[in-house]
$ cat structure_33.csv   # CSV, C-alpha atoms and all ligand atoms
chain,number,residue,atom,x,y,z
A,1,MET,CA,0.0,0.0,0.0
A,2,LEU,CA,1.1,3.5,-0.7
A,3,LYS,CA,2.7,5.2,2.3
A,4,PRO,CA,3.5,8.9,2.9
A,5,ASN,CA,7.2,9.6,2.5
A,6,LYS,CA,9.0,12.0,4.8
A,7,LEU,CA,9.8,15.3,3.0
A,8,ALA,CA,13.3,16.6,2.8
A,9,ASN,CA,12.3,20.1,4.1
A,10,ASN,CA,10.7,20.6,7.5
A,11,ASN,CA,8.6,23.5,6.3
A,12,PHE,CA,6.3,24.3,3.3
A,13,LEU,CA,6.8,28.0,2.9
A,14,SER,CA,7.3,28.1,-0.8
A,15,SER,CA,6.4,25.8,-3.7
A,16,LEU,CA,10.2,25.3,-4.0
A,17,ASP,CA,10.3,23.6,-0.6
A,18,LEU,CA,9.2,20.5,-2.4
A,19,SER,CA,11.2,18.6,-5.1
A,20,THR,CA,9.5,17.4,-8.3
A,21,ASP,CA,9.4,13.8,-7.0
A,22,GLU,CA,7.8,15.0,-3.7
A,23,VAL,CA,5.1,17.0,-5.6
A,24,LEU,CA,4.3,13.9,-7.7
A,25,HIS,CA,4.2,11.8,-4.6
A,26,ILE,CA,1.7,14.2,-3.0
A,27,PHE,CA,-0.4,14.0,-6.1
A,28,ASP,CA,-0.3,10.2,-5.9
A,29,LEU,CA,-1.3,10.2,-2.2
A,30,ALA,CA,-4.0,12.9,-2.9
A,31,ASN,CA,-5.5,10.8,-5.6
A,32,ASN,CA,-5.6,7.8,-3.3
A,33,PHE,CA,-7.2,9.8,-0.5
A,34,LYS,CA,-9.7,11.2,-2.9
A,35,ASN,CA,-10.7,7.8,-4.2
A,36,LYS,CA,-10.9,6.3,-0.7
A,37,LYS,CA,-8.1,3.9,-1.4
A,38,LEU,CA,-6.0,5.2,1.4
A,39,ASN,CA,-6.9,5.8,5.0
A,40,ILE,CA,-4.2,7.0,7.4
A,41,ASP,CA,-4.7,7.7,11.1
A,42,LEU,CA,-1.9,9.8,12.5
A,43,GLY,CA,-3.3,9.6,16.0
A,44,ASN,CA,-4.3,12.9,17.7
A,45,LYS,CA,-1.9,15.2,16.0
A,46,VAL,CA,-2.7,18.9,16.3
A,47,LEU,CA,-2.6,21.5,13.5
A,48,GLY,CA,-2.6,25.2,14.7
A,49,LEU,CA,-4.2,27.7,12.3
A,50,ILE,CA,-3.2,31.3,12.4
A,51,PHE,CA,-5.1,33.4,9.8
A,52,ASP,CA,-4.3,37.1,9.7
A,53,LYS,CA,-6.6,37.3,6.6
A,54,SER,CA,-10.0,35.8,5.9
A,55,SER,CA,-10.3,32.3,4.5
A,56,THR,CA,-13.0,29.8,3.6
A,57,ARG,CA,-11.3,27.1,1.5
A,58,THR,CA,-7.9,27.0,3.2
A,59,ARG,CA,-9.2,27.0,6.7
A,60,VAL,CA,-12.0,24.4,6.2
A,61,SER,CA,-9.9,22.1,3.9
A,62,PHE,CA,-7.1,22.0,6.6
A,63,GLN,CA,-9.7,21.3,9.3
A,64,VAL,CA,-11.3,18.5,7.4
A,65,ALA,CA,-8.0,17.1,6.3
A,66,MET,CA,-6.8,16.9,9.9
A,67,THR,CA,-10.1,15.3,11.0
A,68,ARG,CA,-9.7,12.7,8.3
A,69,LEU,CA,-6.1,12.0,9.5
A,70,GLY,CA,-7.4,11.3,13.0
A,71,GLY,CA,-6.1,14.7,14.3
A,72,THR,CA,-7.5,18.0,15.2
A,73,THR,CA,-7.1,21.7,14.6
A,74,ILE,CA,-7.0,24.8,16.8
A,75,ASP,CA,-8.1,28.1,15.3
A,76,LEU,CA,-5.7,30.6,16.8
A,77,ASN,CA,-7.8,33.6,15.8
A,78,PRO,CA,-5.4,36.6,16.0
A,79,THR,CA,-8.1,38.9,17.4
A,80,THR,CA,-8.9,36.7,20.4
A,81,SER,CA,-5.3,35.5,21.0
A,82,GLN,CA,-2.3,37.7,21.9
A,83,ILE,CA,-1.1,37.6,18.3
A,84,GLY,CA,-3.3,40.5,17.4
A,85,ARG,CA,-2.0,42.4,20.4
A,86,GLY,CA,1.5,42.3,18.9
A,87,GLU,CA,3.2,39.6,20.9
A,88,PRO,CA,6.5,39.0,19.1
A,89,ILE,CA,6.4,36.3,16.5
A,90,LYS,CA,9.5,34.6,18.0
A,91,ASP,CA,7.6,34.2,21.3
A,92,THR,CA,4.4,33.0,19.8
A,93,ALA,CA,6.2,30.5,17.6
A,94,ARG,CA,8.2,29.0,20.5
A,95,VAL,CA,5.1,28.7,22.6
A,96,LEU,CA,2.8,27.3,20.0
A,97,SER,CA,5.3,24.8,18.8
A,98,ARG,CA,5.2,23.2,22.3
A,99,TYR,CA,1.5,22.6,21.9
A,100,CYS,CA,1.0,21.9,18.2
A,101,ASP,CA,2.6,19.4,15.9
A,102,VAL,CA,2.4,21.6,12.8
A,103,ILE,CA,1.2,25.2,12.2
A,104,ALA,CA,-0.4,26.7,9.1
A,105,ILE,CA,-0.2,30.5,8.8
A,106,ARG,CA,-1.9,33.0,6.5
A,107,THR,CA,-0.4,36.4,6.8
A,108,PHE,CA,0.7,39.5,4.8
A,109,ASP,CA,4.5,39.7,4.8
A,110,HIS,CA,6.3,36.6,3.7
A,111,LEU,CA,9.2,37.6,6.0
A,112,ASP,CA,6.8,37.2,9.0
A,113,LEU,CA,6.1,33.6,7.9
A,114,GLU,CA,9.9,33.0,7.7
A,115,GLU,CA,10.2,34.4,11.2
A,116,TYR,CA,7.7,31.9,12.5
A,117,ALA,CA,9.6,29.1,10.7
A,118,LYS,CA,12.9,30.3,12.2
A,119,TRP,CA,11.6,30.1,15.8
A,120,SER,CA,9.1,27.2,15.6
A,121,ALA,CA,10.3,23.8,16.6
A,122,LYS,CA,7.5,22.3,14.5
A,123,PRO,CA,6.8,22.5,10.8
A,124,ILE,CA,5.2,25.7,9.4
A,125,ILE,CA,2.9,25.6,6.3
A,126,ASN,CA,2.3,28.7,4.2
A,127,ALA,CA,-1.5,29.1,4.0
A,128,LEU,CA,-1.0,32.3,1.8
A,129,THR,CA,1.3,35.3,2.1
A,130,ASP,CA,1.5,38.3,-0.2
A,131,LEU,CA,4.3,36.5,-2.0
A,132,GLU,CA,3.1,32.9,-2.4
A,133,HIS,CA,0.2,30.5,-2.1
A,134,PRO,CA,1.9,27.1,-2.5
A,135,CYS,CA,-1.0,24.9,-1.1
A,136,GLN,CA,-3.2,26.4,-3.8
A,137,ALA,CA,-0.7,25.5,-6.5
A,138,LEU,CA,-0.6,21.9,-5.4
A,139,ALA,CA,-4.4,21.6,-5.8
A,140,ASP,CA,-4.2,23.5,-9.1
A,141,PHE,CA,-1.7,21.1,-10.7
A,142,LEU,CA,-3.5,18.1,-9.2
A,143,THR,CA,-6.7,19.3,-11.0
A,144,ILE,CA,-4.7,19.8,-14.2
A,145,LYS,CA,-3.2,16.3,-13.9
A,146,GLU,CA,-6.7,14.8,-13.4
A,147,GLU,CA,-7.7,16.4,-16.7
A,148,PHE,CA,-4.7,15.9,-18.9
A,149,ILE,CA,-3.2,12.8,-17.2
A,150,ASP,CA,0.4,14.1,-17.6
A,151,PHE,CA,1.9,17.6,-17.8
A,152,LYS,CA,3.6,17.1,-21.2
A,153,ASP,CA,2.5,19.7,-23.7
A,154,VAL,CA,0.1,21.4,-21.2
A,155,ILE,CA,0.1,25.2,-21.5
A,156,LEU,CA,-1.2,27.0,-18.5
A,157,THR,CA,-2.1,30.7,-19.0
A,158,PHE,CA,-2.7,32.8,-15.9
A,159,ILE,CA,-4.5,36.2,-16.6
A,160,GLY,CA,-4.4,38.7,-13.8
A,161,ASP,CA,-2.2,40.1,-11.0
A,162,GLY,CA,1.3,38.6,-10.9
A,163,ASN,CA,1.2,38.2,-7.1
A,164,ASN,CA,0.9,35.2,-4.7
A,165,VAL,CA,-1.2,32.8,-6.7
A,166,ALA,CA,0.7,33.5,-9.9
A,167,ASN,CA,4.1,33.3,-8.2
A,168,SER,CA,3.3,29.8,-6.8
A,169,LEU,CA,2.0,28.6,-10.2
A,170,ILE,CA,5.2,29.7,-11.8
A,171,LEU,CA,7.4,27.8,-9.3
A,172,CYS,CA,5.3,24.7,-9.2
A,173,GLY,CA,5.0,24.8,-13.0
A,174,ALA,CA,8.8,25.0,-13.2
A,175,LEU,CA,9.1,21.9,-11.0
A,176,LEU,CA,6.7,20.0,-13.2
A,177,GLY,CA,8.1,21.3,-16.5
A,178,VAL,CA,4.7,22.9,-17.5
A,179,GLU,CA,4.6,25.8,-19.9
A,180,VAL,CA,3.3,28.8,-17.8
A,181,ARG,CA,2.3,32.0,-19.4
A,182,ILE,CA,1.4,35.0,-17.3
A,183,ALA,CA,-0.6,37.9,-18.8
A,184,CYS,CA,-0.8,41.0,-16.5
A,185,PRO,CA,-0.9,44.7,-16.9
A,186,LYS,CA,2.4,46.6,-16.9
A,187,GLY,CA,3.6,47.0,-13.3
A,188,TYR,CA,1.8,43.9,-12.1
A,189,GLU,CA,4.4,41.3,-13.3
A,190,PRO,CA,5.3,38.4,-11.0
A,191,ASN,CA,8.1,38.8,-8.5
A,192,SER,CA,11.5,39.0,-10.3
A,193,LEU,CA,13.2,36.6,-7.9
A,194,VAL,CA,10.5,34.0,-8.5
A,195,ILE,CA,11.0,34.4,-12.3
A,196,ASP,CA,14.7,34.0,-11.9
A,197,LYS,CA,14.3,30.9,-9.7
A,198,ALA,CA,11.8,29.3,-12.1
A,199,ASN,CA,14.1,29.9,-15.1
A,200,GLN,CA,16.9,28.2,-13.2
A,201,ILE,CA,14.7,25.1,-12.6
A,202,TYR,CA,13.1,24.7,-16.1
A,203,LYS,CA,15.1,22.3,-18.2
A,204,ASN,CA,13.6,23.8,-21.3
A,205,LYS,CA,14.4,27.5,-21.0
A,206,ASN,CA,11.5,28.8,-23.1
A,207,LEU,CA,8.6,27.5,-21.0
A,208,LEU,CA,8.0,30.6,-18.8
A,209,LYS,CA,6.5,33.6,-20.6
A,210,ILE,CA,5.5,36.9,-19.1
A,211,THR,CA,3.5,39.3,-21.2
A,212,ASN,CA,1.1,42.3,-21.0
A,213,ASP,CA,-1.1,40.9,-23.8
A,214,PRO,CA,-3.8,38.5,-22.7
A,215,ASN,CA,-4.7,37.7,-26.4
A,216,THR,CA,-1.3,36.2,-27.3
A,217,ALA,CA,-1.0,34.5,-23.9
A,218,VAL,CA,-4.2,32.5,-24.4
A,219,SER,CA,-3.4,31.3,-27.9
A,220,GLY,CA,-3.6,27.5,-27.9
A,221,ALA,CA,-3.6,27.3,-24.1
A,222,ASN,CA,-5.1,24.3,-22.4
A,223,VAL,CA,-5.8,25.9,-19.0
A,224,LEU,CA,-7.0,29.5,-18.4
A,225,TYR,CA,-6.6,30.6,-14.8
A,226,THR,CA,-7.5,33.8,-13.1
A,227,ASP,CA,-7.6,35.3,-9.6
A,228,VAL,CA,-9.1,38.5,-8.1
A,229,TRP,CA,-7.7,41.8,-9.2
A,230,SER,CA,-7.5,43.2,-5.7
A,231,SER,CA,-6.1,40.8,-3.2
A,232,MET,CA,-6.7,40.8,0.5
A,233,GLY,CA,-5.0,43.9,2.0
A,234,GLU,CA,-5.4,45.8,-1.3
A,235,GLU,CA,-9.0,46.9,-0.8
A,236,ASN,CA,-8.0,50.6,-1.0
A,237,GLN,CA,-6.6,50.0,-4.5
A,238,LYS,CA,-9.8,48.5,-5.8
A,239,ASP,CA,-11.0,51.3,-8.1
A,240,GLU,CA,-7.6,52.0,-9.5
A,241,LYS,CA,-6.9,48.3,-10.2
A,242,GLU,CA,-10.3,47.9,-11.9
A,243,LYS,CA,-9.2,50.5,-14.4
A,244,VAL,CA,-5.7,49.0,-14.9
A,245,PHE,CA,-7.0,45.5,-15.3
A,246,ASN,CA,-9.7,46.4,-17.9
A,247,GLY,CA,-9.2,44.0,-20.8
A,248,PHE,CA,-7.9,41.2,-18.6
A,249,THR,CA,-11.3,39.5,-18.0
A,250,ILE,CA,-11.6,35.9,-19.0
A,251,ASP,CA,-14.6,36.1,-21.3
A,252,SER,CA,-15.9,34.1,-24.4
A,253,ASP,CA,-13.8,36.2,-26.7
A,254,LEU,CA,-10.6,35.3,-24.9
A,255,LEU,CA,-11.6,31.7,-24.4
A,256,SER,CA,-12.2,31.3,-28.2
A,257,LYS,CA,-8.5,31.9,-28.7
A,258,ALA,CA,-7.5,29.0,-26.4
A,259,ASP,CA,-7.4,25.3,-27.3
A,260,LYS,CA,-10.9,24.0,-28.0
A,261,ASP,CA,-10.6,21.6,-25.0
A,262,ALA,CA,-9.3,24.2,-22.6
A,263,ILE,CA,-10.4,24.2,-19.0
A,264,ILE,CA,-11.0,27.1,-16.7
A,265,LEU,CA,-9.6,27.4,-13.2
A,266,HIS,CA,-10.0,30.1,-10.5
A,267,CYS,CA,-8.6,29.8,-6.9
A,268,LEU,CA,-11.7,31.6,-5.5
A,269,PRO,CA,-13.2,33.7,-4.2
A,270,ALA,CA,-14.3,35.2,-7.5
A,271,TYR,CA,-15.7,38.5,-8.6
A,272,ARG,CA,-18.0,37.8,-11.6
A,273,SER,CA,-17.8,40.4,-14.5
A,274,LYS,CA,-14.4,41.6,-13.1
A,275,GLU,CA,-11.7,38.9,-13.7
A,276,ILE,CA,-14.2,36.4,-15.2
A,277,THR,CA,-17.6,36.5,-16.7
A,278,ASP,CA,-20.4,34.6,-15.1
A,279,GLU,CA,-20.9,32.7,-18.4
A,280,ILE,CA,-17.4,31.3,-18.4
A,281,PHE,CA,-17.3,30.7,-14.6
A,282,GLU,CA,-20.5,28.6,-14.9
A,283,SER,CA,-19.6,26.9,-18.2
A,284,GLN,CA,-18.9,23.2,-18.9
A,285,LYS,CA,-15.2,24.1,-19.2
A,286,SER,CA,-15.0,25.2,-15.6
A,287,ARG,CA,-13.2,22.9,-13.2
A,288,ILE,CA,-13.3,25.5,-10.5
A,289,PHE,CA,-15.2,23.4,-7.9
A,290,ASP,CA,-13.1,20.3,-8.6
A,291,GLN,CA,-10.1,22.5,-8.0
A,292,ALA,CA,-11.6,23.8,-4.7
A,293,GLU,CA,-12.3,20.2,-3.6
A,294,ASN,CA,-8.7,19.2,-4.4
A,295,ARG,CA,-7.4,21.7,-1.8
A,296,LEU,CA,-8.6,19.1,0.7
A,297,HIS,CA,-7.0,16.1,-0.9
A,298,ALA,CA,-3.7,17.8,-1.6
A,299,GLN,CA,-3.4,19.2,1.9
A,300,GLN,CA,-4.4,15.8,3.4
A,301,ALA,CA,-1.5,14.3,1.4
A,302,LEU,CA,0.9,17.1,2.4
A,303,LEU,CA,0.0,16.8,6.1
A,304,SER,CA,0.4,13.0,6.0
A,305,CYS,CA,3.9,13.4,4.7
A,306,ILE,CA,4.8,16.2,7.2
A,307,LEU,CA,3.3,14.4,10.2
A,308,GLN,CA,4.1,10.8,9.5
A,401,LIG,N1,-8.3,30.0,-2.6
A,401,LIG,C1,-8.3,30.2,-1.3
A,401,LIG,O1,-7.2,30.2,-0.6
A,401,LIG,O2,-9.5,30.5,-0.7
A,401,LIG,P1,-9.7,31.1,0.8
A,401,LIG,O3,-9.2,32.5,0.8
A,401,LIG,O4,-11.2,31.0,1.0
A,401,LIG,O5,-8.9,30.2,1.8
A,402,LIG,N1,-4.6,36.8,-4.6
A,402,LIG,C1,-5.7,36.5,-3.7
A,402,LIG,C2,-5.8,35.0,-3.5
A,402,LIG,C3,-6.9,34.6,-2.6
A,402,LIG,C4,-7.0,33.1,-2.4
A,402,LIG,C5,-5.4,37.2,-2.4
A,402,LIG,O1,-4.3,37.3,-1.9
A,402,LIG,O2,-6.4,37.8,-1.8
$ encode --input "structure_33.csv" --output "structure tokens"
Amino acid sequence: MLKPNKLANNNFLSSLDLSTDEVLHIFDLANNFKNKKLNIDLGNKVLGLIFDKSSTRTRVSFQVAMTRLGGTTIDLNPTTSQIGRGEPIKDTARVLSRYCDVIAIRTFDHLDLEEYAKWSAKPIINALTDLEHPCQALADFLTIKEEFIDFKDVILTFIGDGNNVANSLILCGALLGVEVRIACPKGYEPNSLVIDKANQIYKNKNLLKITNDPNTAVSGANVLYTDVWSSMGEENQKDEKEKVFNGFTIDSDLLSKADKDAIILHCLPAYRSKEITDEIFESQKSRIFDQAENRLHAQQALLSCILQ
């Protein structure tokens, strides 16, 4: 029977904390969990959840994943714990890692996540920062693998802001050798260090493309992916971003330029008639809710490796 392997890195802060083989192993485990071919009881392990930003999918999928692994979660709501009062991260991390077996953190500054990891004696999982959303990328590529069986010749086009979700798609795409095209307005390109790291990983050097033209980016693409234009913490930029991102909506016109069997992904939550039309969101091509479900299976697989 398939067993979770121990991961080389203690933490999962970035998509690059996993090797290609580890990502594929997680997909294998996730598929087995999803199809009820695998049942692992880790025995009362505790996952602490620190969410400095709102969450539906990440929070609930982690809670359900831990329950299915025979463990439990503690929601360390920053407003009712001392975290929101400004207790230093290095103190919080040292205390919580004496109670919990693993901690998942959603916060703003990626450096704060790294600070938690520096001081915690237990593994830290990135549940989204402004820089990366690596748990999301695992579920995304699991969904793509379910559709296309392998990643060979798959073209993934992301249309939107080149921030956390796009950065993790780029890095995980590089690990898997998937052609990733990012189309974003000028000034909203992905992080330059992320681009450099991805280009170092890709064996074929022309597989990552960054452009400001969504029309060329979708040409022949197999997967069209988008995310909100204004991320959490950017609420005050909403009006300005809606102007800048005009023309970056996934609609029937853009979809008609993609491969005829292309699928649509969105990490959710979505704003219809902003980054995606309701017609495309609800279309037969959408795999958005399979993708959301796969958050659970991918994270159950990840946790089974981290906690085994
Ligand atoms: N996609 C995602 O991370 O959703 P939540 O913000 O609801 O967790
Ligand atoms: N880019 C979005 C992703 C939400 C899951 C945000 O950071 O708000």
$ residues_around --input "structure_33.csv" --residues "region 244-250 of chain A" --least-positions-apart "3" --cutoff "9 Å" --atoms "only C-alpha atoms" --output "list in words"
Ile159, Gly160, Asp161, Ala183, Cys184, Pro185, Lys186, Asp213, Pro214, Leu224, Tyr225, Thr226, Trp229, Asp239, Glu240, Lys241, Asp253, Leu254, Leu255, Ser273, Lys274, Glu275, Ile276, Thr277, Ile280 and Phe281 of chain A
$ residues_around --input "structure_33.csv" --residues "region 107-113 of chain A" --least-positions-apart "2" --cutoff "9 Å" --atoms "all atoms listed in the file" --output "PyMOL selection string"
chain A and resi 13+50-53+89+105+115-118+124-132+232-233
$ atom_distance --input "structure_33.csv" --atom1 "CA of Gly187 (chain A)" --atom2 "CA of Asn163 (chain A)"
11.0 Å
$ residues_near_point --input "structure_33.csv" --point "(-4.8, 26.8, 16.4)" --cutoff "10 Å" --atoms "all atoms listed in the file" --output "list in words"
Val46, Leu47, Gly48, Leu49, Ile50, Phe51, Thr72, Thr73, Ile74, Asp75, Leu76, Asn77, Pro78, Ser81, Leu96, Tyr99, Cys100, Val102, Ile103, Ala104 and Ile105 of chain A
$ closest_residue --input "structure_33.csv" --among "A:Arg57, A:Lys90, A:Arg68, A:His25" --to "Asn39 (chain A)" --atoms "all atoms listed in the file"
A:Arg68
$ residues_around --input "structure_33.csv" --residues "Asp153 (chain A)" --least-positions-apart "2" --cutoff "12 Å" --atoms "only C-alpha atoms" --output "PyMOL selection string"
chain A and resi 144-145+148-151+155-156+176-180+207+220-223+259
$ residues_around --input "structure_33.csv" --residues "region 289-294 of chain A" --least-positions-apart "4" --cutoff "9 Å" --atoms "all atoms listed in the file" --output "list of chain:residue names"
A:Ala30, A:Lys34, A:Arg57, A:Ser61, A:Gln136, A:Leu138, A:Ala139, A:Asp140, A:Phe141, A:Leu142, A:Thr143, A:Ile144, A:Leu265, A:His266, A:Cys267, A:Leu268, A:Ala298, A:Gln299
$ closest_residue --input "structure_33.csv" --among "A:Val95, A:Leu208, A:Val154, A:Ala121" --to "Ile263 (chain A)" --atoms "all atoms listed in the file"
A:Val154
$ residues_around --input "structure_33.csv" --residues "region 167-174 of chain A" --least-positions-apart "6" --cutoff "9 Å" --atoms "only C-alpha atoms" --output "PyMOL selection string"
chain A and resi 14-16+18+20+23+131-138+140-141+156+158+180-182+190-191+194-195+197-203+207-208
$ closest_residue --input "structure_33.csv" --among "A:Lys238, A:Lys209, A:Arg59, A:Arg94" --to "ligand LIG 401 (chain A)" --atoms "only C-alpha atoms and all ligand atoms"
A:Arg59
$ atom_distance --input "structure_33.csv" --atom1 "CA of Asp28 (chain A)" --atom2 "CA of Leu307 (chain A)"
17.0 Å
$ atom_distance --input "structure_33.csv" --atom1 "CA of Thr211 (chain A)" --atom2 "CA of Gly162 (chain A)"
10.6 Å
$ closest_residue --input "structure_33.csv" --among "A:Arg272, A:Lys122, A:Lys257, A:Arg295" --to "ligand LIG 401 (chain A)" --atoms "all atoms listed in the file"
A:Arg295
$ closest_residue --input "structure_33.csv" --among "A:Ser19, A:Gln300, A:Thr216, A:Asn31" --to "Gln63 (chain A)" --atoms "only C-alpha atoms"
A:Gln300
$ closest_residue --input "structure_33.csv" --among "A:Pro123, A:Gly43, A:Pro269, A:Pro4" --to "ligand LIG 401 (chain A)" --atoms "only C-alpha atoms and all ligand atoms"
A:Pro269
